Amino acid sequence: MGRQLAEKFVDAGQSVRIFDLPQMDFAGLEDNDSIEINKGDITNADDVTRSVDGVDAVLHLAAILPPNSERNRDVTFRVNVGGTENIIRALEKTNPDAMLVFTSSISTYGDTSTKEPPVKVTNSQSAIDIYADSKIEGERIMRESYLTNTVSLRTAAIAVPAFLEPPDPWPFMEDQRVEMVHRDDVVDALFNAARTPDAGGKVFNIGGGSTWQLRGRDYVRDFYEFMGAPADEAVYRESPGWVDWYDTEESQRVLKYQNRSYQHYADEMRAIIEAMMAE
Amino acid sequence: MPQSGQELLDESIASCKQIADGLGAQDEAWEASLVEIVEKFDEISGTFFFKTMPSVPATRGAVRDAAVALELRQSEDWDNFGPALESLIATAQNVIEKAGMKGTTLT
């Protein structure tokens, strides 16, 4: 998504500074005059200060995601919380009016399966895993900072249109409410959040919208159908996971990012599989 | 009922083992290549990829090339066996690369 975002900003005539670990793949980005590559470690305050110096906006996507986030709380907090704090402190020193777009997560709501949907941004937050806990803490640090222009995007599980392994287990129960969001819609949300002054100071749910509001079994049935694999292979969670249906009315009104319906995603997946079958 | 990718992979493994058996007497490098294919196929056997439709054309190619190589080995047609083995190696490499699915559908 970082690569897609960089290209989107360049296409819009803006210059971009990419900050990532030195071992990441920067192929195709280093030759672009509008892109500056800054290699470093988000847990290193000096690296981060150098990276945010002079920028108008920071899109913060760096995090350890599930399932890796659940292996070591200290490491996850060092990256997800410590890294966020490094960005905030650096901006406080250098440019407190810069826009900071923080990629938070709908996992911060915890288990909402017994509540009436949709989940609103005013719902209480209650972590059921290390990842969610780290995102709640990141939001808290940002909320209590001196920055004047921050946005939290509580992003739903991201559906990637590609031939990839299914999660094991799926992060929800068979009959649980599930709303995901297309990867490219998340890119649009991040892009628009950085360029929309009205987004400043807000917290948004980022979900796919009504066409993505399904039950777990429906999403999984379709996935296995795309792959031509037997759906009885699917393994679900035994207790509710942190997925639900979300109130995205305000985020869509401000950020205008829900551009790919579930049907669009389904068509993409079928086309990918057809192309593989023809190879 | 058409064969699944897993069944086709199993058939490829069986053929490769048959080809490799005693092949070292003719050419040690040939046998080593086939043993490597069998080892790699055993490693990826049972993964999600072989339950999907896209695994079928890839593994069908491996079955076809292994059958050709096996026939040449049994008829001791060594002039044609070398090129057939090269073709099998390329097809096997394609199966291994495709089975190496990275990431998950959700993040």
# chains A, B, ... in the order shown; residues from 1 in each chain; ligands from 1
call {"tool": "closest_atom_pairs", "arguments": {"of": "chain A", "to": "chain B", "cutoff": "8 Å", "atoms": "only C-alpha atoms", "output": "JSON lines"}}
result
{"residue": "A:Leu65", "atom": "CA", "partner": "B:Thr107", "partner_atom": "CA", "distance": 7.2}
{"residue": "A:Pro66", "atom": "CA", "partner": "B:Thr107", "partner_atom": "CA", "distance": 7.6}
{"residue": "A:Ala157", "atom": "CA", "partner": "B:Thr107", "partner_atom": "CA", "distance": 5.8}
{"residue": "A:Ile158", "atom": "CA", "partner": "B:Thr107", "partner_atom": "CA", "distance": 5.2}
{"residue": "A:Ala159", "atom": "CA", "partner": "B:Leu106", "partner_atom": "CA", "distance": 4.9}
{"residue": "A:Val160", "atom": "CA", "partner": "B:Thr105", "partner_atom": "CA", "distance": 5.3}
{"residue": "A:Pro161", "atom": "CA", "partner": "B:Thr105", "partner_atom": "CA", "distance": 7.3}
{"residue": "A:Ala162", "atom": "CA", "partner": "B:Thr105", "partner_atom": "CA", "distance": 7.2}
{"residue": "A:Phe163", "atom": "CA", "partner": "B:Met101", "partner_atom": "CA", "distance": 7.4}
{"residue": "A:Leu164", "atom": "CA", "partner": "B:Thr104", "partner_atom": "CA", "distance": 5.2}
{"residue": "A:Glu165", "atom": "CA", "partner": "B:Thr104", "partner_atom": "CA", "distance": 4.7}
{"residue": "A:Pro166", "atom": "CA", "partner": "B:Thr104", "partner_atom": "CA", "distance": 5.5}
{"residue": "A:Pro167", "atom": "CA", "partner": "B:Thr104", "partner_atom": "CA", "distance": 5.8}
{"residue": "A:Met227", "atom": "CA", "partner": "B:Thr52", "partner_atom": "CA", "distance": 5.3}
{"residue": "A:Gly228", "atom": "CA", "partner": "B:Met53", "partner_atom": "CA", "distance": 4.8}
{"residue": "A:Ala229", "atom": "CA", "partner": "B:Thr52", "partner_atom": "CA", "distance": 4.5}
{"residue": "A:Pro230", "atom": "CA", "partner": "B:Lys51", "partner_atom": "CA", "distance": 7.3}
{"residue": "A:Ile273", "atom": "CA", "partner": "B:Pro54", "partner_atom": "CA", "distance": 6.6}
{"residue": "A:Met276", "atom": "CA", "partner": "B:Pro54", "partner_atom": "CA", "distance": 5.8}
{"residue": "A:Met277", "atom": "CA", "partner": "B:Pro54", "partner_atom": "CA", "distance": 5.2}
{"residue": "A:Glu279", "atom": "CA", "partner": "B:Pro57", "partner_atom": "CA", "distance": 7.8}
call {"tool": "write_last_selection", "arguments": {"atoms": "C-alpha atoms", "output": "PDB file, in the first residue's frame"}}
result
ATOM      1  CA  LEU A  65       0.350  -6.889  12.020  1.00  0.00           C
ATOM      2  CA  PRO A  66      -1.445 -10.018  13.231  1.00  0.00           C
ATOM      3  CA  ALA A 157      -9.478  -6.087   7.696  1.00  0.00           C
ATOM      4  CA  ILE A 158      -8.059  -5.420   4.247  1.00  0.00           C
ATOM      5  CA  ALA A 159      -8.987  -7.716   1.376  1.00  0.00           C
ATOM      6  CA  VAL A 160      -6.119  -8.064  -1.087  1.00  0.00           C
ATOM      7  CA  PRO A 161      -7.157  -9.036  -4.623  1.00  0.00           C
ATOM      8  CA  ALA A 162      -4.465 -11.636  -5.277  1.00  0.00           C
ATOM      9  CA  PHE A 163      -3.932 -15.385  -5.277  1.00  0.00           C
ATOM     10  CA  LEU A 164      -2.897 -15.767  -1.656  1.00  0.00           C
ATOM     11  CA  GLU A 165      -3.187 -18.234   1.194  1.00  0.00           C
ATOM     12  CA  PRO A 166      -6.341 -18.040   3.305  1.00  0.00           C
ATOM     13  CA  PRO A 167      -5.741 -17.140   6.949  1.00  0.00           C
ATOM     14  CA  MET A 227      -9.921 -20.476  -5.760  1.00  0.00           C
ATOM     15  CA  GLY A 228     -11.717 -23.605  -6.900  1.00  0.00           C
ATOM     16  CA  ALA A 229     -10.924 -25.160  -3.530  1.00  0.00           C
ATOM     17  CA  PRO A 230     -13.277 -27.016  -1.166  1.00  0.00           C
ATOM     18  CA  ILE A 273      -7.756 -17.199 -11.230  1.00  0.00           C
ATOM     19  CA  MET A 276      -3.616 -18.396 -13.830  1.00  0.00           C
ATOM     20  CA  MET A 277      -5.607 -21.243 -15.376  1.00  0.00           C
ATOM     21  CA  GLU A 279      -0.948 -19.878 -18.154  1.00  0.00           C
TER      22      GLU A 279
END
call {"tool": "select_by_dssp", "arguments": {"residues": "range 29-177 of chain A", "states": "strand (DSSP E or B)", "output": "JSON, numbers by chain"}}
result
{"A": [35, 36, 37, 38, 39, 57, 58, 59, 60, 99, 100, 101, 102, 103, 104, 105, 119, 149, 150, 151, 152, 153, 154, 155, 158, 159, 165, 170, 177]}
call {"tool": "residues_around", "arguments": {"residues": "Val63 in chain B", "least_positions_apart": "2", "cutoff": "7 Å", "atoms": "only C-alpha atoms", "output": "list in words"}}
result
Leu8, Glu11, Ser12, Thr59, Arg60, Gly61, Asp65, Ala66 and Ala67 of chain B
call {"tool": "write_last_selection", "arguments": {"atoms": "C-alpha atoms", "output": "CSV table (one decimal), in the first residue's frame"}}
result
chain,number,residue,atom,x,y,z
B,8,LEU,CA,-1.4,-34.9,-10.0
B,11,GLU,CA,1.5,-38.9,-9.6
B,12,SER,CA,4.5,-36.7,-10.5
B,59,THR,CA,0.9,-30.0,-12.0
B,60,ARG,CA,-0.6,-31.6,-15.1
B,61,GLY,CA,2.5,-30.2,-17.0
B,65,ASP,CA,6.9,-34.2,-18.6
B,66,ALA,CA,7.6,-36.9,-16.0
B,67,ALA,CA,5.7,-39.5,-18.1
call {"tool": "closest_residue", "arguments": {"among": "B:Val95, B:Ala69, B:Ile13, B:Leu85", "to": "Ser33 in chain B", "atoms": "only C-alpha atoms"}}
result
B:Leu85
call {"tool": "residues_around", "arguments": {"residues": "Thr211 in chain A", "least_positions_apart": "5", "cutoff": "12 Å", "atoms": "only C-alpha atoms", "output": "PyMOL selection string"}}
result
chain A and resi 178-182+219+245-246+258-266
call {"tool": "closest_residue", "arguments": {"among": "A:Ile206, A:Ile87, A:Ile64, A:Ala132", "to": "Lys120 in chain A", "atoms": "only C-alpha atoms"}}
result
A:Ile206
call {"tool": "residues_around", "arguments": {"residues": "range 109-115 of chain A", "least_positions_apart": "6", "cutoff": "12 Å", "atoms": "only C-alpha atoms", "output": "PyMOL selection string"}}
result
chain A and resi 121-133+135-136+154-156+171-173+175-178+205+215+239-246
call {"tool": "write_last_selection", "arguments": {"atoms": "C-alpha atoms", "output": "PDB file, in the first residue's frame"}}
result
ATOM      1  CA  VAL A 121     -16.367   5.589  16.250  1.00  0.00           C
ATOM      2  CA  THR A 122     -17.960   6.496  19.590  1.00  0.00           C
ATOM      3  CA  ASN A 123     -18.053   2.817  20.620  1.00  0.00           C
ATOM      4  CA  SER A 124     -15.790   1.959  23.541  1.00  0.00           C
ATOM      5  CA  GLN A 125     -12.410   0.424  22.767  1.00  0.00           C
ATOM      6  CA  SER A 126     -11.408  -2.853  24.387  1.00  0.00           C
ATOM      7  CA  ALA A 127      -8.447  -4.838  23.095  1.00  0.00           C
ATOM      8  CA  ILE A 128      -8.658  -8.603  22.802  1.00  0.00           C
ATOM      9  CA  ASP A 129      -5.142  -8.951  21.422  1.00  0.00           C
ATOM     10  CA  ILE A 130      -1.717  -7.298  21.526  1.00  0.00           C
ATOM     11  CA  TYR A 131      -2.184  -5.649  18.140  1.00  0.00           C
ATOM     12  CA  ALA A 132      -5.376  -3.856  19.203  1.00  0.00           C
ATOM     13  CA  ASP A 133      -3.798  -2.852  22.494  1.00  0.00           C
ATOM     14  CA  LYS A 135      -3.237   0.656  18.333  1.00  0.00           C
ATOM     15  CA  ILE A 136      -5.297   1.956  21.271  1.00  0.00           C
ATOM     16  CA  ARG A 154      -9.654   2.730  12.197  1.00  0.00           C
ATOM     17  CA  THR A 155      -9.280   0.384   9.288  1.00  0.00           C
ATOM     18  CA  ALA A 156     -11.168  -2.872   8.797  1.00  0.00           C
ATOM     19  CA  PRO A 171     -10.284 -14.111  12.096  1.00  0.00           C
ATOM     20  CA  PHE A 172     -14.018 -14.539  12.767  1.00  0.00           C
ATOM     21  CA  MET A 173     -16.668 -17.125  13.552  1.00  0.00           C
ATOM     22  CA  ASP A 175     -21.904 -16.645  11.521  1.00  0.00           C
ATOM     23  CA  GLN A 176     -20.156 -13.453  12.661  1.00  0.00           C
ATOM     24  CA  ARG A 177     -20.835 -10.125  10.957  1.00  0.00           C
ATOM     25  CA  VAL A 178     -17.903  -9.304   8.687  1.00  0.00           C
ATOM     26  CA  ASN A 205     -13.973   3.940  10.571  1.00  0.00           C
ATOM     27  CA  ARG A 215     -21.489 -13.095   7.356  1.00  0.00           C
ATOM     28  CA  SER A 239     -14.765 -17.285  19.803  1.00  0.00           C
ATOM     29  CA  PRO A 240     -15.796 -13.969  18.210  1.00  0.00           C
ATOM     30  CA  GLY A 241     -13.012 -12.008  16.550  1.00  0.00           C
ATOM     31  CA  TRP A 242     -12.801  -8.229  16.208  1.00  0.00           C
ATOM     32  CA  VAL A 243     -14.748  -7.896  13.005  1.00  0.00           C
ATOM     33  CA  ASP A 244     -18.226  -6.449  12.564  1.00  0.00           C
ATOM     34  CA  TRP A 245     -20.208  -4.059  10.389  1.00  0.00           C
ATOM     35  CA  TYR A 246     -19.148  -0.430  10.655  1.00  0.00           C
TER      36      TYR A 246
END
call {"tool": "residues_around", "arguments": {"residues": "Arg73 in chain B", "least_positions_apart": "3", "cutoff": "10 Å", "atoms": "only C-alpha atoms", "output": "count of residues only"}}
result
16
call {"tool": "closest_residue", "arguments": {"among": "B:Leu9, B:Leu72, B:Cys16, B:Ala62", "to": "Ala92 in chain B", "atoms": "only C-alpha atoms"}}
result
B:Ala62
call {"tool": "closest_residue", "arguments": {"among": "B:Ala14, B:Glu71, B:Glu36, B:Arg64", "to": "Ile96 in chain B", "atoms": "only C-alpha atoms"}}
result
B:Glu36
call {"tool": "residues_around", "arguments": {"residues": "Asp10 in chain B", "least_positions_apart": "4", "cutoff": "9 Å", "atoms": "only C-alpha atoms", "output": "mmCIF file with N, CA and C atoms, in the first residue's frame"}}
result
data_model
loop_
_atom_site.group_PDB
_atom_site.id
_atom_site.type_symbol
_atom_site.label_atom_id
_atom_site.label_comp_id
_atom_site.auth_asym_id
_atom_site.auth_seq_id
_atom_site.Cartn_x
_atom_site.Cartn_y
_atom_site.Cartn_z
ATOM 1 N N GLY B 5 -5.096 -31.057 -8.092
ATOM 2 C CA GLY B 5 -3.678 -30.695 -8.159
ATOM 3 C C GLY B 5 -2.844 -31.594 -7.252
ATOM 4 N N GLN B 6 -3.401 -31.949 -6.088
ATOM 5 C CA GLN B 6 -2.661 -32.804 -5.147
ATOM 6 C C GLN B 6 -2.453 -34.200 -5.740
ATOM 7 N N ALA B 14 5.620 -39.923 -7.842
ATOM 8 C CA ALA B 14 5.808 -41.368 -8.075
ATOM 9 C C ALA B 14 6.626 -41.594 -9.351
ATOM 10 N N SER B 15 6.317 -40.842 -10.413
ATOM 11 C CA SER B 15 7.050 -41.008 -11.674
ATOM 12 C C SER B 15 8.505 -40.603 -11.507
ATOM 13 N N PHE B 41 9.016 -31.359 -4.072
ATOM 14 C CA PHE B 41 7.587 -31.681 -4.208
ATOM 15 C C PHE B 41 7.034 -32.217 -2.878
ATOM 16 N N ASP B 42 7.829 -33.034 -2.187
ATOM 17 C CA ASP B 42 7.378 -33.544 -0.882
ATOM 18 C C ASP B 42 7.167 -32.393 0.108
ATOM 19 N N SER B 45 3.947 -30.533 -0.843
ATOM 20 C CA SER B 45 2.759 -31.390 -0.900
ATOM 21 C C SER B 45 1.835 -31.090 0.289
#
call {"tool": "select_by_dssp", "arguments": {"residues": "chain B", "states": "helix (DSSP H, G or I)", "output": "ChimeraX atom specification"}}
result
/B:5-20,23-25,28-44,48-51,55-74,78-99
call {"tool": "atom_distance", "arguments": {"atom1": "CA of Leu34 in chain B", "atom2": "CA of Ser75 in chain B"}}
result
17.9 Å
call {"tool": "closest_residue", "arguments": {"among": "B:Ile44, B:Gln3, B:Pro83, B:Gly24", "to": "Glu97 in chain B", "atoms": "only C-alpha atoms"}}
result
B:Ile44
call {"tool": "decode", "arguments": {"residues": "range 48-75 of chain A", "atoms": "N, CA and C atoms", "output": "mmCIF file, in the first residue's frame"}}
result
data_model
loop_
_atom_site.group_PDB
_atom_site.id
_atom_site.type_symbol
_atom_site.label_atom_id
_atom_site.label_comp_id
_atom_site.auth_asym_id
_atom_site.auth_seq_id
_atom_site.Cartn_x
_atom_site.Cartn_y
_atom_site.Cartn_z
ATOM 1 N N VAL A 48 13.798 8.808 12.642
ATOM 2 C CA VAL A 48 12.445 9.311 12.396
ATOM 3 C C VAL A 48 12.463 10.840 12.285
ATOM 4 N N THR A 49 13.205 11.502 13.160
ATOM 5 C CA THR A 49 13.281 12.969 13.123
ATOM 6 C C THR A 49 13.813 13.441 11.774
ATOM 7 N N ARG A 50 14.841 12.768 11.292
ATOM 8 C CA ARG A 50 15.423 13.129 9.995
ATOM 9 C C ARG A 50 14.388 12.920 8.878
ATOM 10 N N SER A 51 13.585 11.895 9.048
ATOM 11 C CA SER A 51 12.641 11.541 7.986
ATOM 12 C C SER A 51 11.442 12.486 7.902
ATOM 13 N N VAL A 52 10.984 13.005 9.027
ATOM 14 C CA VAL A 52 9.782 13.857 8.979
ATOM 15 C C VAL A 52 10.128 15.341 8.837
ATOM 16 N N ASP A 53 11.395 15.646 8.887
ATOM 17 C CA ASP A 53 11.810 17.049 8.833
ATOM 18 C C ASP A 53 11.371 17.710 7.516
ATOM 19 N N GLY A 54 10.585 18.761 7.631
ATOM 20 C CA GLY A 54 10.211 19.550 6.456
ATOM 21 C C GLY A 54 9.017 19.030 5.667
ATOM 22 N N VAL A 55 8.353 18.006 6.142
ATOM 23 C CA VAL A 55 7.219 17.474 5.357
ATOM 24 C C VAL A 55 5.906 18.172 5.752
ATOM 25 N N ASP A 56 4.938 18.153 4.817
ATOM 26 C CA ASP A 56 3.615 18.737 5.095
ATOM 27 C C ASP A 56 2.686 17.722 5.751
ATOM 28 N N ALA A 57 2.927 16.459 5.446
ATOM 29 C CA ALA A 57 2.038 15.412 5.978
ATOM 30 C C ALA A 57 2.808 14.111 6.149
ATOM 31 N N VAL A 58 2.406 13.364 7.156
ATOM 32 C CA VAL A 58 2.988 12.035 7.394
ATOM 33 C C VAL A 58 1.863 11.011 7.338
ATOM 34 N N LEU A 59 2.042 9.997 6.500
ATOM 35 C CA LEU A 59 1.096 8.870 6.474
ATOM 36 C C LEU A 59 1.794 7.709 7.158
ATOM 37 N N HIS A 60 1.320 7.380 8.337
ATOM 38 C CA HIS A 60 2.015 6.401 9.178
ATOM 39 C C HIS A 60 1.360 5.022 9.032
ATOM 40 N N LEU A 61 2.047 4.154 8.273
ATOM 41 C CA LEU A 61 1.516 2.807 8.022
ATOM 42 C C LEU A 61 2.344 1.721 8.693
ATOM 43 N N ALA A 62 3.455 2.115 9.302
ATOM 44 C CA ALA A 62 4.373 1.101 9.826
ATOM 45 C C ALA A 62 3.787 0.421 11.055
ATOM 46 N N ALA A 63 3.747 -0.893 11.023
ATOM 47 C CA ALA A 63 3.245 -1.643 12.181
ATOM 48 C C ALA A 63 3.535 -3.120 11.997
ATOM 49 N N ILE A 64 3.612 -3.814 13.110
ATOM 50 C CA ILE A 64 3.634 -5.281 13.062
ATOM 51 C C ILE A 64 2.184 -5.726 13.141
ATOM 52 N N LEU A 65 1.761 -6.491 12.140
ATOM 53 C CA LEU A 65 0.350 -6.889 12.020
ATOM 54 C C LEU A 65 0.133 -8.298 12.561
ATOM 55 N N PRO A 66 -1.136 -8.629 12.875
ATOM 56 C CA PRO A 66 -1.445 -10.018 13.231
ATOM 57 C C PRO A 66 -1.163 -10.931 12.036
ATOM 58 N N PRO A 67 -0.720 -12.152 12.202
ATOM 59 C CA PRO A 67 -0.516 -12.830 13.494
ATOM 60 C C PRO A 67 0.843 -12.542 14.130
ATOM 61 N N ASN A 68 1.776 -11.901 13.381
ATOM 62 C CA ASN A 68 3.121 -11.679 13.939
ATOM 63 C C ASN A 68 3.086 -10.831 15.211
ATOM 64 N N SER A 69 2.119 -9.902 15.278
ATOM 65 C CA SER A 69 2.036 -8.996 16.425
ATOM 66 C C SER A 69 1.768 -9.730 17.728
ATOM 67 N N GLU A 70 1.235 -10.941 17.635
ATOM 68 C CA GLU A 70 0.820 -11.677 18.846
ATOM 69 C C GLU A 70 1.945 -12.519 19.437
ATOM 70 N N ARG A 71 3.117 -12.510 18.800
ATOM 71 C CA ARG A 71 4.200 -13.391 19.237
ATOM 72 C C ARG A 71 5.026 -12.801 20.368
ATOM 73 N N ASN A 72 5.164 -11.466 20.368
ATOM 74 C CA ASN A 72 6.020 -10.834 21.382
ATOM 75 C C ASN A 72 5.497 -9.419 21.656
ATOM 76 N N ARG A 73 4.898 -9.241 22.810
ATOM 77 C CA ARG A 73 4.270 -7.964 23.143
ATOM 78 C C ARG A 73 5.283 -6.811 23.133
ATOM 79 N N ASP A 74 6.480 -7.079 23.679
ATOM 80 C CA ASP A 74 7.489 -6.015 23.769
ATOM 81 C C ASP A 74 7.894 -5.524 22.375
ATOM 82 N N VAL A 75 8.118 -6.473 21.481
ATOM 83 C CA VAL A 75 8.532 -6.091 20.121
ATOM 84 C C VAL A 75 7.402 -5.331 19.425
#
